[in-house]
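Trainee: Here you go, one structure.
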Amino acid sequence: MSNTSTDSLSTNNKEDILGFMKDHIKRYLATNGEDGHLMNGFPCLVLTTTGKQSGEKRQAAVIYGKHNNSYVIVASKGGSDTPPAWFVNLQANPKAHIQVKAEKLNVKMRVAEDDERKKLWDMMAKVFPDYLEYQKKTERQIAVVVLDPV
């Protein structure tokens, strides 16, 4: 894995963060996740959505968990009051593509609700404990997203 860390990036410099993510995704795809599946020790998949406005393919590296045959991701955006662009895109078009290491899947998004949300939120907070702090930073309920294979 590369020694690049998001900790060394200024959160005020969007270009640095976007550049890091673009490079991370490029390395992930080029190596089938051998370089990039773990980002700072956390498991990541590459999510490809269709842009809500542009209609163009958009990619994001997202921390994930596995539940049965589905993948679970969290639309936290670091506790921002607005959700990440990938979530907005999925709300407009729930069909997407993911790559987990070398595995490539077409998926359909749904938002976990009620008891399922609580169970999956707790699971994801164990995968990435910062989600608990992120939720405290915003009044919106952070969406727990289930990606079901199609």
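Lettering and numbering for the structure tokens are positional, with chains as A, B, ... in the shown order, residues counted from 1 in each chain, and ligands counted from 1 in the shown order.
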Which residues in chain A does DSSP call alpha helix (DSSP H)? List them as a compact mmCIF listing (two decimals) with all heavy atoms, in the first residue's frame.

Mentor:
# COMPACT_ATOMS: atom_id res chain seq x y z
N LYS A 14 -9.41 21.69 -1.32
CA LYS A 14 -10.22 20.71 -2.03
C LYS A 14 -9.44 20.07 -3.18
O LYS A 14 -9.57 18.88 -3.44
CB LYS A 14 -11.50 21.38 -2.54
CG LYS A 14 -12.50 20.43 -3.13
CD LYS A 14 -13.78 21.15 -3.49
CE LYS A 14 -14.77 20.21 -4.12
NZ LYS A 14 -16.00 20.88 -4.50
N GLU A 15 -8.59 20.84 -3.85
CA GLU A 15 -7.81 20.29 -4.96
C GLU A 15 -6.86 19.20 -4.49
O GLU A 15 -6.68 18.20 -5.17
CB GLU A 15 -7.05 21.40 -5.68
CG GLU A 15 -7.95 22.29 -6.52
CD GLU A 15 -7.18 23.38 -7.25
OE1 GLU A 15 -5.96 23.24 -7.44
OE2 GLU A 15 -7.81 24.37 -7.62
N ASP A 16 -6.22 19.38 -3.31
CA ASP A 16 -5.33 18.35 -2.77
C ASP A 16 -6.10 17.07 -2.49
O ASP A 16 -5.66 15.98 -2.82
CB ASP A 16 -4.66 18.82 -1.47
CG ASP A 16 -3.51 19.77 -1.71
OD1 ASP A 16 -3.09 19.93 -2.87
OD2 ASP A 16 -3.04 20.35 -0.72
N ILE A 17 -7.27 17.19 -1.88
CA ILE A 17 -8.07 16.02 -1.53
C ILE A 17 -8.55 15.33 -2.79
O ILE A 17 -8.45 14.11 -2.93
CB ILE A 17 -9.24 16.42 -0.61
CG1 ILE A 17 -8.68 16.87 0.74
CG2 ILE A 17 -10.20 15.25 -0.44
CD1 ILE A 17 -9.71 17.50 1.65
N LEU A 18 -9.06 16.09 -3.76
CA LEU A 18 -9.53 15.50 -5.01
C LEU A 18 -8.40 14.83 -5.77
O LEU A 18 -8.57 13.76 -6.35
CB LEU A 18 -10.23 16.55 -5.87
CG LEU A 18 -11.57 17.06 -5.32
CD1 LEU A 18 -12.12 18.16 -6.21
CD2 LEU A 18 -12.58 15.95 -5.17
N GLY A 19 -7.23 15.44 -5.76
CA GLY A 19 -6.06 14.86 -6.41
C GLY A 19 -5.64 13.56 -5.76
O GLY A 19 -5.32 12.58 -6.44
N PHE A 20 -5.66 13.53 -4.43
CA PHE A 20 -5.34 12.31 -3.70
C PHE A 20 -6.33 11.20 -4.05
O PHE A 20 -5.95 10.07 -4.32
CB PHE A 20 -5.34 12.56 -2.18
CG PHE A 20 -5.27 11.29 -1.38
CD1 PHE A 20 -4.06 10.64 -1.21
CD2 PHE A 20 -6.41 10.73 -0.84
CE1 PHE A 20 -4.00 9.44 -0.50
CE2 PHE A 20 -6.36 9.54 -0.13
CZ PHE A 20 -5.15 8.90 0.04
N MET A 21 -7.63 11.53 -4.04
CA MET A 21 -8.65 10.53 -4.32
C MET A 21 -8.53 10.01 -5.75
O MET A 21 -8.65 8.81 -6.00
CB MET A 21 -10.05 11.08 -4.06
CG MET A 21 -10.33 11.32 -2.59
SD MET A 21 -10.06 9.85 -1.57
CE MET A 21 -11.62 9.04 -1.83
N LYS A 22 -8.29 10.91 -6.69
CA LYS A 22 -8.14 10.51 -8.09
C LYS A 22 -6.96 9.55 -8.24
O LYS A 22 -7.06 8.52 -8.91
CB LYS A 22 -7.96 11.75 -8.96
CG LYS A 22 -7.99 11.49 -10.43
CD LYS A 22 -7.94 12.80 -11.22
CE LYS A 22 -8.02 12.56 -12.70
NZ LYS A 22 -7.98 13.80 -13.46
N ASP A 23 -5.85 9.86 -7.58
CA ASP A 23 -4.67 9.00 -7.64
C ASP A 23 -4.95 7.67 -6.95
O ASP A 23 -4.55 6.61 -7.45
CB ASP A 23 -3.47 9.71 -6.98
CG ASP A 23 -2.23 8.86 -7.01
OD1 ASP A 23 -1.76 8.52 -8.12
OD2 ASP A 23 -1.71 8.51 -5.92
N HIS A 24 -5.63 7.71 -5.82
CA HIS A 24 -5.97 6.49 -5.08
C HIS A 24 -6.82 5.56 -5.94
O HIS A 24 -6.55 4.35 -6.04
CB HIS A 24 -6.70 6.85 -3.78
CG HIS A 24 -7.12 5.66 -2.99
ND1 HIS A 24 -8.43 5.38 -2.73
CD2 HIS A 24 -6.41 4.67 -2.41
CE1 HIS A 24 -8.51 4.26 -2.03
NE2 HIS A 24 -7.30 3.82 -1.82
N ILE A 25 -7.83 6.10 -6.59
CA ILE A 25 -8.71 5.30 -7.45
C ILE A 25 -7.93 4.73 -8.63
O ILE A 25 -8.08 3.55 -8.98
CB ILE A 25 -9.92 6.14 -7.92
CG1 ILE A 25 -10.83 6.44 -6.73
CG2 ILE A 25 -10.68 5.43 -9.04
CD1 ILE A 25 -11.87 7.51 -6.99
N LYS A 26 -7.07 5.53 -9.22
CA LYS A 26 -6.26 5.07 -10.36
C LYS A 26 -5.38 3.88 -9.94
O LYS A 26 -5.31 2.88 -10.66
CB LYS A 26 -5.40 6.23 -10.87
CG LYS A 26 -4.57 5.91 -12.08
CD LYS A 26 -3.79 7.14 -12.53
CE LYS A 26 -2.90 6.83 -13.70
NZ LYS A 26 -2.11 8.00 -14.11
N ARG A 27 -4.73 3.98 -8.79
CA ARG A 27 -3.88 2.89 -8.30
C ARG A 27 -4.72 1.65 -7.98
O ARG A 27 -4.32 0.53 -8.28
CB ARG A 27 -3.09 3.32 -7.06
CG ARG A 27 -1.97 4.30 -7.36
CD ARG A 27 -1.14 4.67 -6.13
NE ARG A 27 -1.89 5.56 -5.24
CZ ARG A 27 -2.40 5.21 -4.05
NH1 ARG A 27 -2.23 4.01 -3.57
NH2 ARG A 27 -3.07 6.09 -3.33
N TYR A 28 -5.87 1.86 -7.36
CA TYR A 28 -6.77 0.76 -7.00
C TYR A 28 -7.17 -0.02 -8.25
O TYR A 28 -7.06 -1.24 -8.30
CB TYR A 28 -8.00 1.34 -6.31
CG TYR A 28 -8.91 0.34 -5.64
CD1 TYR A 28 -9.06 0.35 -4.26
CD2 TYR A 28 -9.66 -0.59 -6.35
CE1 TYR A 28 -9.91 -0.54 -3.61
CE2 TYR A 28 -10.50 -1.48 -5.73
CZ TYR A 28 -10.62 -1.46 -4.35
OH TYR A 28 -11.46 -2.34 -3.72
N LEU A 29 -7.65 0.69 -9.26
CA LEU A 29 -8.13 0.04 -10.48
C LEU A 29 -6.99 -0.63 -11.24
O LEU A 29 -7.17 -1.73 -11.78
CB LEU A 29 -8.85 1.05 -11.37
CG LEU A 29 -10.13 1.67 -10.77
CD1 LEU A 29 -10.69 2.73 -11.70
CD2 LEU A 29 -11.16 0.61 -10.44
N ALA A 30 -5.81 -0.01 -11.27
CA ALA A 30 -4.68 -0.55 -12.01
C ALA A 30 -4.14 -1.83 -11.38
O ALA A 30 -3.57 -2.67 -12.07
CB ALA A 30 -3.57 0.50 -12.11
N ALA A 85 -21.52 13.79 -3.02
CA ALA A 85 -22.05 13.81 -4.39
C ALA A 85 -22.44 12.41 -4.85
O ALA A 85 -23.45 12.24 -5.54
CB ALA A 85 -21.03 14.42 -5.34
N TRP A 86 -21.67 11.40 -4.47
CA TRP A 86 -22.01 10.05 -4.91
C TRP A 86 -23.39 9.63 -4.41
O TRP A 86 -24.10 8.91 -5.10
CB TRP A 86 -20.93 9.03 -4.54
CG TRP A 86 -20.63 8.83 -3.08
CD1 TRP A 86 -19.56 9.32 -2.40
CD2 TRP A 86 -21.39 8.05 -2.13
NE1 TRP A 86 -19.60 8.92 -1.08
CE2 TRP A 86 -20.72 8.14 -0.89
CE3 TRP A 86 -22.56 7.31 -2.21
CZ2 TRP A 86 -21.17 7.50 0.26
CZ3 TRP A 86 -23.03 6.67 -1.05
CH2 TRP A 86 -22.34 6.77 0.16
N PHE A 87 -23.79 10.09 -3.21
CA PHE A 87 -25.10 9.74 -2.68
C PHE A 87 -26.20 10.46 -3.45
O PHE A 87 -27.23 9.87 -3.78
CB PHE A 87 -25.17 10.06 -1.18
CG PHE A 87 -26.48 9.69 -0.56
CD1 PHE A 87 -26.86 8.37 -0.42
CD2 PHE A 87 -27.36 10.67 -0.12
CE1 PHE A 87 -28.08 8.02 0.15
CE2 PHE A 87 -28.58 10.34 0.45
CZ PHE A 87 -28.93 9.01 0.58
N VAL A 88 -25.97 11.73 -3.76
CA VAL A 88 -26.94 12.49 -4.56
C VAL A 88 -27.12 11.81 -5.92
O VAL A 88 -28.25 11.66 -6.41
CB VAL A 88 -26.48 13.96 -4.71
CG1 VAL A 88 -27.38 14.72 -5.67
CG2 VAL A 88 -26.42 14.64 -3.35
N ASN A 89 -26.01 11.36 -6.50
CA ASN A 89 -26.08 10.66 -7.78
C ASN A 89 -26.88 9.36 -7.67
O ASN A 89 -27.70 9.05 -8.54
CB ASN A 89 -24.68 10.35 -8.32
CG ASN A 89 -23.94 11.60 -8.73
OD1 ASN A 89 -24.52 12.65 -8.96
ND2 ASN A 89 -22.62 11.50 -8.81
N LEU A 90 -26.66 8.62 -6.59
CA LEU A 90 -27.38 7.36 -6.39
C LEU A 90 -28.87 7.57 -6.12
O LEU A 90 -29.69 6.75 -6.52
CB LEU A 90 -26.77 6.55 -5.25
CG LEU A 90 -25.45 5.84 -5.56
CD1 LEU A 90 -24.88 5.23 -4.29
CD2 LEU A 90 -25.64 4.78 -6.63
N GLN A 91 -29.21 8.67 -5.48
CA GLN A 91 -30.62 8.97 -5.27
C GLN A 91 -31.33 9.20 -6.61
O GLN A 91 -32.47 8.81 -6.79
CB GLN A 91 -30.79 10.19 -4.36
CG GLN A 91 -30.46 9.91 -2.91
CD GLN A 91 -30.61 11.15 -2.06
OE1 GLN A 91 -30.00 12.19 -2.33
NE2 GLN A 91 -31.45 11.06 -1.03
N ALA A 92 -30.61 9.83 -7.53
CA ALA A 92 -31.18 10.12 -8.85
C ALA A 92 -31.20 8.86 -9.73
O ALA A 92 -32.12 8.68 -10.53
CB ALA A 92 -30.39 11.23 -9.54
N ASP A 114 -34.83 2.13 9.73
CA ASP A 114 -35.30 1.56 10.99
C ASP A 114 -34.30 0.57 11.60
O ASP A 114 -33.14 0.92 11.78
CB ASP A 114 -36.68 0.93 10.80
CG ASP A 114 -37.70 1.92 10.24
OD1 ASP A 114 -37.66 3.09 10.67
OD2 ASP A 114 -38.51 1.53 9.39
N ASP A 115 -34.75 -0.66 11.91
CA ASP A 115 -33.89 -1.63 12.60
C ASP A 115 -32.69 -2.03 11.75
O ASP A 115 -31.59 -2.21 12.28
CB ASP A 115 -34.69 -2.89 12.96
CG ASP A 115 -35.71 -2.65 14.07
OD1 ASP A 115 -35.60 -1.61 14.78
OD2 ASP A 115 -36.62 -3.48 14.23
N GLU A 116 -32.90 -2.15 10.44
CA GLU A 116 -31.78 -2.49 9.58
C GLU A 116 -30.73 -1.38 9.61
O GLU A 116 -29.53 -1.66 9.70
CB GLU A 116 -32.24 -2.71 8.13
CG GLU A 116 -31.07 -3.10 7.22
CD GLU A 116 -31.42 -3.17 5.75
OE1 GLU A 116 -32.22 -2.32 5.28
OE2 GLU A 116 -30.89 -4.07 5.07
N ARG A 117 -31.17 -0.12 9.59
CA ARG A 117 -30.22 0.98 9.65
C ARG A 117 -29.41 0.94 10.93
O ARG A 117 -28.20 1.10 10.93
CB ARG A 117 -30.92 2.33 9.55
CG ARG A 117 -29.90 3.47 9.52
CD ARG A 117 -30.49 4.84 9.78
NE ARG A 117 -29.45 5.85 9.67
CZ ARG A 117 -28.56 6.11 10.64
NH1 ARG A 117 -28.57 5.44 11.78
NH2 ARG A 117 -27.63 7.03 10.45
N LYS A 118 -30.08 0.73 12.07
CA LYS A 118 -29.37 0.68 13.35
C LYS A 118 -28.32 -0.43 13.36
O LYS A 118 -27.18 -0.21 13.75
CB LYS A 118 -30.34 0.49 14.51
CG LYS A 118 -29.63 0.45 15.86
CD LYS A 118 -30.55 0.29 17.02
CE LYS A 118 -29.85 0.20 18.35
NZ LYS A 118 -28.42 0.19 18.42
N LYS A 119 -28.71 -1.60 12.89
CA LYS A 119 -27.79 -2.74 12.85
C LYS A 119 -26.58 -2.44 11.96
O LYS A 119 -25.43 -2.67 12.34
CB LYS A 119 -28.53 -3.98 12.35
CG LYS A 119 -27.68 -5.21 12.22
CD LYS A 119 -28.52 -6.37 11.69
CE LYS A 119 -27.68 -7.61 11.47
NZ LYS A 119 -28.48 -8.73 10.97
N LEU A 120 -26.85 -1.90 10.77
CA LEU A 120 -25.77 -1.62 9.83
C LEU A 120 -24.93 -0.42 10.25
O LEU A 120 -23.72 -0.38 10.03
CB LEU A 120 -26.32 -1.45 8.41
CG LEU A 120 -26.98 -2.72 7.84
CD1 LEU A 120 -27.54 -2.44 6.46
CD2 LEU A 120 -26.01 -3.90 7.83
N TRP A 121 -25.56 0.58 10.89
CA TRP A 121 -24.81 1.73 11.42
C TRP A 121 -23.82 1.24 12.47
O TRP A 121 -22.65 1.62 12.46
CB TRP A 121 -25.76 2.77 12.01
CG TRP A 121 -25.04 3.89 12.68
CD1 TRP A 121 -24.81 4.02 14.02
CD2 TRP A 121 -24.42 5.02 12.07
NE1 TRP A 121 -24.08 5.16 14.28
CE2 TRP A 121 -23.84 5.79 13.09
CE3 TRP A 121 -24.30 5.46 10.75
CZ2 TRP A 121 -23.15 6.97 12.84
CZ3 TRP A 121 -23.61 6.64 10.50
CH2 TRP A 121 -23.05 7.38 11.54
N ASP A 122 -24.28 0.40 13.38
CA ASP A 122 -23.40 -0.14 14.42
C ASP A 122 -22.26 -0.94 13.79
O ASP A 122 -21.10 -0.83 14.22
CB ASP A 122 -24.18 -1.02 15.39
CG ASP A 122 -25.15 -0.22 16.26
OD1 ASP A 122 -25.04 1.02 16.33
OD2 ASP A 122 -26.03 -0.86 16.89
N MET A 123 -22.56 -1.73 12.77
CA MET A 123 -21.53 -2.51 12.07
C MET A 123 -20.49 -1.58 11.45
O MET A 123 -19.28 -1.77 11.60
CB MET A 123 -22.17 -3.37 10.99
CG MET A 123 -21.17 -4.19 10.17
SD MET A 123 -21.93 -5.01 8.75
CE MET A 123 -21.83 -3.69 7.52
N MET A 124 -20.97 -0.53 10.77
CA MET A 124 -20.04 0.39 10.09
C MET A 124 -19.25 1.24 11.08
O MET A 124 -18.10 1.60 10.81
CB MET A 124 -20.79 1.26 9.08
CG MET A 124 -21.32 0.49 7.88
SD MET A 124 -20.04 -0.48 7.00
CE MET A 124 -18.98 0.85 6.41
N ALA A 125 -19.83 1.55 12.23
CA ALA A 125 -19.10 2.30 13.25
C ALA A 125 -17.95 1.46 13.82
O ALA A 125 -16.95 2.01 14.29
CB ALA A 125 -20.04 2.75 14.36
N LYS A 126 -18.07 0.15 13.75
CA LYS A 126 -16.96 -0.72 14.17
C LYS A 126 -15.88 -0.75 13.09
O LYS A 126 -14.70 -0.85 13.39
CB LYS A 126 -17.47 -2.13 14.47
CG LYS A 126 -18.27 -2.19 15.76
CD LYS A 126 -18.84 -3.56 16.01
CE LYS A 126 -19.69 -3.51 17.28
NZ LYS A 126 -20.65 -4.59 17.33
N VAL A 127 -16.30 -0.68 11.83
CA VAL A 127 -15.34 -0.64 10.72
C VAL A 127 -14.58 0.68 10.73
O VAL A 127 -13.35 0.71 10.59
CB VAL A 127 -16.06 -0.83 9.35
CG1 VAL A 127 -15.10 -0.60 8.19
CG2 VAL A 127 -16.70 -2.20 9.26
N ASP A 130 -14.88 6.79 13.32
CA ASP A 130 -15.08 8.23 13.14
C ASP A 130 -16.50 8.57 12.72
O ASP A 130 -16.94 9.71 12.89
CB ASP A 130 -14.10 8.79 12.11
CG ASP A 130 -12.67 8.87 12.64
OD1 ASP A 130 -12.44 8.55 13.82
OD2 ASP A 130 -11.79 9.27 11.87
N TYR A 131 -17.25 7.59 12.17
CA TYR A 131 -18.64 7.87 11.80
C TYR A 131 -19.44 8.38 13.00
O TYR A 131 -20.33 9.22 12.83
CB TYR A 131 -19.32 6.63 11.22
CG TYR A 131 -18.85 6.24 9.84
CD1 TYR A 131 -18.67 4.91 9.50
CD2 TYR A 131 -18.60 7.20 8.85
CE1 TYR A 131 -18.25 4.53 8.23
CE2 TYR A 131 -18.18 6.84 7.59
CZ TYR A 131 -18.01 5.50 7.28
OH TYR A 131 -17.60 5.15 6.02
N LEU A 132 -19.14 7.90 14.18
CA LEU A 132 -19.86 8.34 15.38
C LEU A 132 -19.64 9.83 15.62
O LEU A 132 -20.58 10.56 15.96
CB LEU A 132 -19.43 7.53 16.60
CG LEU A 132 -19.73 6.02 16.50
CD1 LEU A 132 -19.06 5.28 17.66
CD2 LEU A 132 -21.21 5.76 16.45
N GLU A 133 -18.42 10.31 15.42
CA GLU A 133 -18.12 11.73 15.57
C GLU A 133 -18.74 12.54 14.44
O GLU A 133 -19.23 13.65 14.65
CB GLU A 133 -16.60 11.96 15.62
CG GLU A 133 -15.96 11.42 16.88
CD GLU A 133 -16.58 11.97 18.16
OE1 GLU A 133 -16.77 13.20 18.26
OE2 GLU A 133 -16.89 11.15 19.06
N TYR A 134 -18.72 11.99 13.25
CA TYR A 134 -19.32 12.68 12.10
C TYR A 134 -20.80 12.94 12.35
O TYR A 134 -21.32 14.01 12.03
CB TYR A 134 -19.16 11.88 10.81
CG TYR A 134 -17.75 11.71 10.31
CD1 TYR A 134 -17.47 10.84 9.27
CD2 TYR A 134 -16.67 12.42 10.86
CE1 TYR A 134 -16.19 10.67 8.78
CE2 TYR A 134 -15.39 12.25 10.38
CZ TYR A 134 -15.15 11.37 9.34
OH TYR A 134 -13.88 11.21 8.85
N GLN A 135 -21.51 11.94 12.91
CA GLN A 135 -22.94 12.11 13.15
C GLN A 135 -23.19 13.24 14.15
O GLN A 135 -24.17 13.98 14.01
CB GLN A 135 -23.57 10.81 13.65
CG GLN A 135 -25.08 10.89 13.82
CD GLN A 135 -25.83 11.24 12.53
OE1 GLN A 135 -25.99 10.41 11.67
NE2 GLN A 135 -26.27 12.47 12.39
N LYS A 136 -22.29 13.42 15.11
CA LYS A 136 -22.44 14.49 16.11
C LYS A 136 -22.26 15.87 15.49
O LYS A 136 -22.76 16.85 16.03
CB LYS A 136 -21.43 14.30 17.25
CG LYS A 136 -21.71 13.10 18.11
CD LYS A 136 -20.63 12.93 19.16
CE LYS A 136 -20.81 11.64 19.94
NZ LYS A 136 -19.68 11.42 20.87
N LYS A 137 -21.58 15.95 14.36
CA LYS A 137 -21.28 17.24 13.72
C LYS A 137 -22.42 17.77 12.86
O LYS A 137 -22.37 18.92 12.43
CB LYS A 137 -20.02 17.11 12.84
CG LYS A 137 -18.75 16.92 13.62
CD LYS A 137 -17.56 16.56 12.75
CE LYS A 137 -17.29 17.48 11.60
NZ LYS A 137 -16.07 17.13 10.85

Trainee: Neighbours of Ala60 (chain A) within 7 Å (only C-alpha atoms; same-chain residues fewer than 6 positions away dropped), as a list in words?

Mentor: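 The contact residues come out as Val46, Leu47 and Thr48 of chain A.
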
Trainee: With distances taken over only C-alpha atoms, which residue among A:Arg140, A:Asp148, A:Ala96, A:Pro43 lies nearest Ser80 (chain A)?

Mentor: A:Arg140

Trainee: Rank nothing, just name the residue among A:Asp81, A:Asn40, A:Ile63, A:Leu45 nearest to Lys101 (chain A), using only C-alpha atoms.

Mentor: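 The answer is A:Leu45, which sits nearest to Lys101 (chain A).
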
Trainee: Counting only C-alpha atoms, which of A:Ile73, A:Asn106, A:Pro129, A:Asn32 gets nearest to Val144 (chain A)?

Mentor: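 Once distances to Val144 (chain A) are computed over only C-alpha atoms, the minimum belongs to A:Ile73.
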
Trainee: Could you list, as a PyMOL selection string, every residue within 6 Å of Tyr71 (chain A), counting only C-alpha atoms and ignoring same-chain residues fewer than 3 positions away?

Mentor: chain A and resi 65-66+146-147

Trainee: Hey, can you check how far CA of Ala112 (chain A) sits from CA of Val74 (chain A)?

Mentor: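 Atom-to-atom, CA of Ala112 (chain A) to CA of Val74 (chain A), that is 10.2 Å.
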
Trainee: As a PyMOL selection string, please: every residue in chain A that DSSP puts in strand (DSSP E or B).

Mentor: chain A and resi 38-39+42-50+57-63+65-67+70-74+95-100+103-111+144-149

Trainee: Can you list every residue of region 49-70 of chain A that has an atom at most 12 Å from region 34-39 of chain A, with its nearest atom pair and the distance in Å to one decimal, using only C-alpha atoms, ordered by chain then number, as CSV?

Mentor:
residue,atom,partner,partner_atom,distance
A:Ala61,CA,A:Gly36,CA,8.9
A:Val62,CA,A:Met39,CA,9.4
A:Ile63,CA,A:Met39,CA,8.3
A:Tyr64,CA,A:His37,CA,10.2

Trainee: Any chance you can output those residues with N, CA, C and O atoms as a CSV table (one decimal), in the first residue's frame?

Mentor:
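As a result, again.csv now contains:
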chain,number,residue,atom,x,y,z
A,61,ALA,N,-13.8,6.5,-4.0
A,61,ALA,CA,-13.3,5.4,-3.1
A,61,ALA,C,-14.0,5.6,-1.8
A,61,ALA,O,-14.0,6.7,-1.2
A,62,VAL,N,-14.7,4.5,-1.3
A,62,VAL,CA,-15.6,4.6,-0.2
A,62,VAL,C,-15.3,3.5,0.8
A,62,VAL,O,-15.2,2.3,0.3
A,63,ILE,N,-15.2,3.7,2.1
A,63,ILE,CA,-15.1,2.7,3.1
A,63,ILE,C,-16.3,1.8,3.1
A,63,ILE,O,-17.4,2.4,2.9
A,64,TYR,N,-16.1,0.5,3.2
A,64,TYR,CA,-17.3,-0.4,3.1
A,64,TYR,C,-17.3,-1.4,4.2
A,64,TYR,O,-16.2,-1.7,4.8

Trainee: Would you compute the distance between CA of Lys104 (chain A) and CA of Ser70 (chain A)? Give it in Å to one decimal.

Mentor: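 Distance between the two atoms: 12.9 Å.
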
Trainee: Can you tell me, as a tab-separated table (two decimals) with all heavy atoms, in the first residue's frame, what residues are no more than 6 Å from region 75-78 of chain A when counting only C-alpha atoms, ignoring any on the same chain fewer than 3 positions away?

Mentor:
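Done, and the output landed in selection.tsv:
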chain	number	residue	atom	x	y	z
A	83	PRO	N	-24.93	15.77	1.96
A	83	PRO	CA	-24.40	14.44	1.66
A	83	PRO	C	-23.35	14.49	0.56
A	83	PRO	O	-23.27	15.47	-0.19
A	83	PRO	CB	-25.65	13.67	1.21
A	83	PRO	CG	-26.55	14.71	0.66
A	83	PRO	CD	-26.30	15.96	1.46
A	84	PRO	N	-22.57	13.44	0.43
A	84	PRO	CA	-21.57	13.39	-0.64
A	84	PRO	C	-22.24	13.33	-2.02
A	84	PRO	O	-23.37	12.85	-2.15
A	84	PRO	CB	-20.78	12.12	-0.35
A	84	PRO	CG	-21.65	11.30	0.52
A	84	PRO	CD	-22.55	12.24	1.26
A	134	TYR	N	-18.72	11.99	13.25
A	134	TYR	CA	-19.32	12.68	12.10
A	134	TYR	C	-20.80	12.94	12.35
A	134	TYR	O	-21.32	14.01	12.03
A	134	TYR	CB	-19.16	11.88	10.81
A	134	TYR	CG	-17.75	11.71	10.31
A	134	TYR	CD1	-17.47	10.84	9.27
A	134	TYR	CD2	-16.67	12.42	10.86
A	134	TYR	CE1	-16.19	10.67	8.78
A	134	TYR	CE2	-15.39	12.25	10.38
A	134	TYR	CZ	-15.15	11.37	9.34
A	134	TYR	OH	-13.88	11.21	8.85
A	142	ILE	N	-27.19	10.70	8.92
A	142	ILE	CA	-26.29	10.20	7.87
A	142	ILE	C	-26.86	8.88	7.33
A	142	ILE	O	-27.17	7.97	8.09
A	142	ILE	CB	-24.86	10.02	8.42
A	142	ILE	CG1	-24.28	11.40	8.79
A	142	ILE	CG2	-23.99	9.30	7.42
A	142	ILE	CD1	-22.93	11.35	9.48
A	143	ALA	N	-26.99	8.83	6.02
A	143	ALA	CA	-27.56	7.65	5.37
A	143	ALA	C	-26.61	6.48	5.39
A	143	ALA	O	-25.41	6.62	5.15
A	143	ALA	CB	-27.95	8.00	3.94
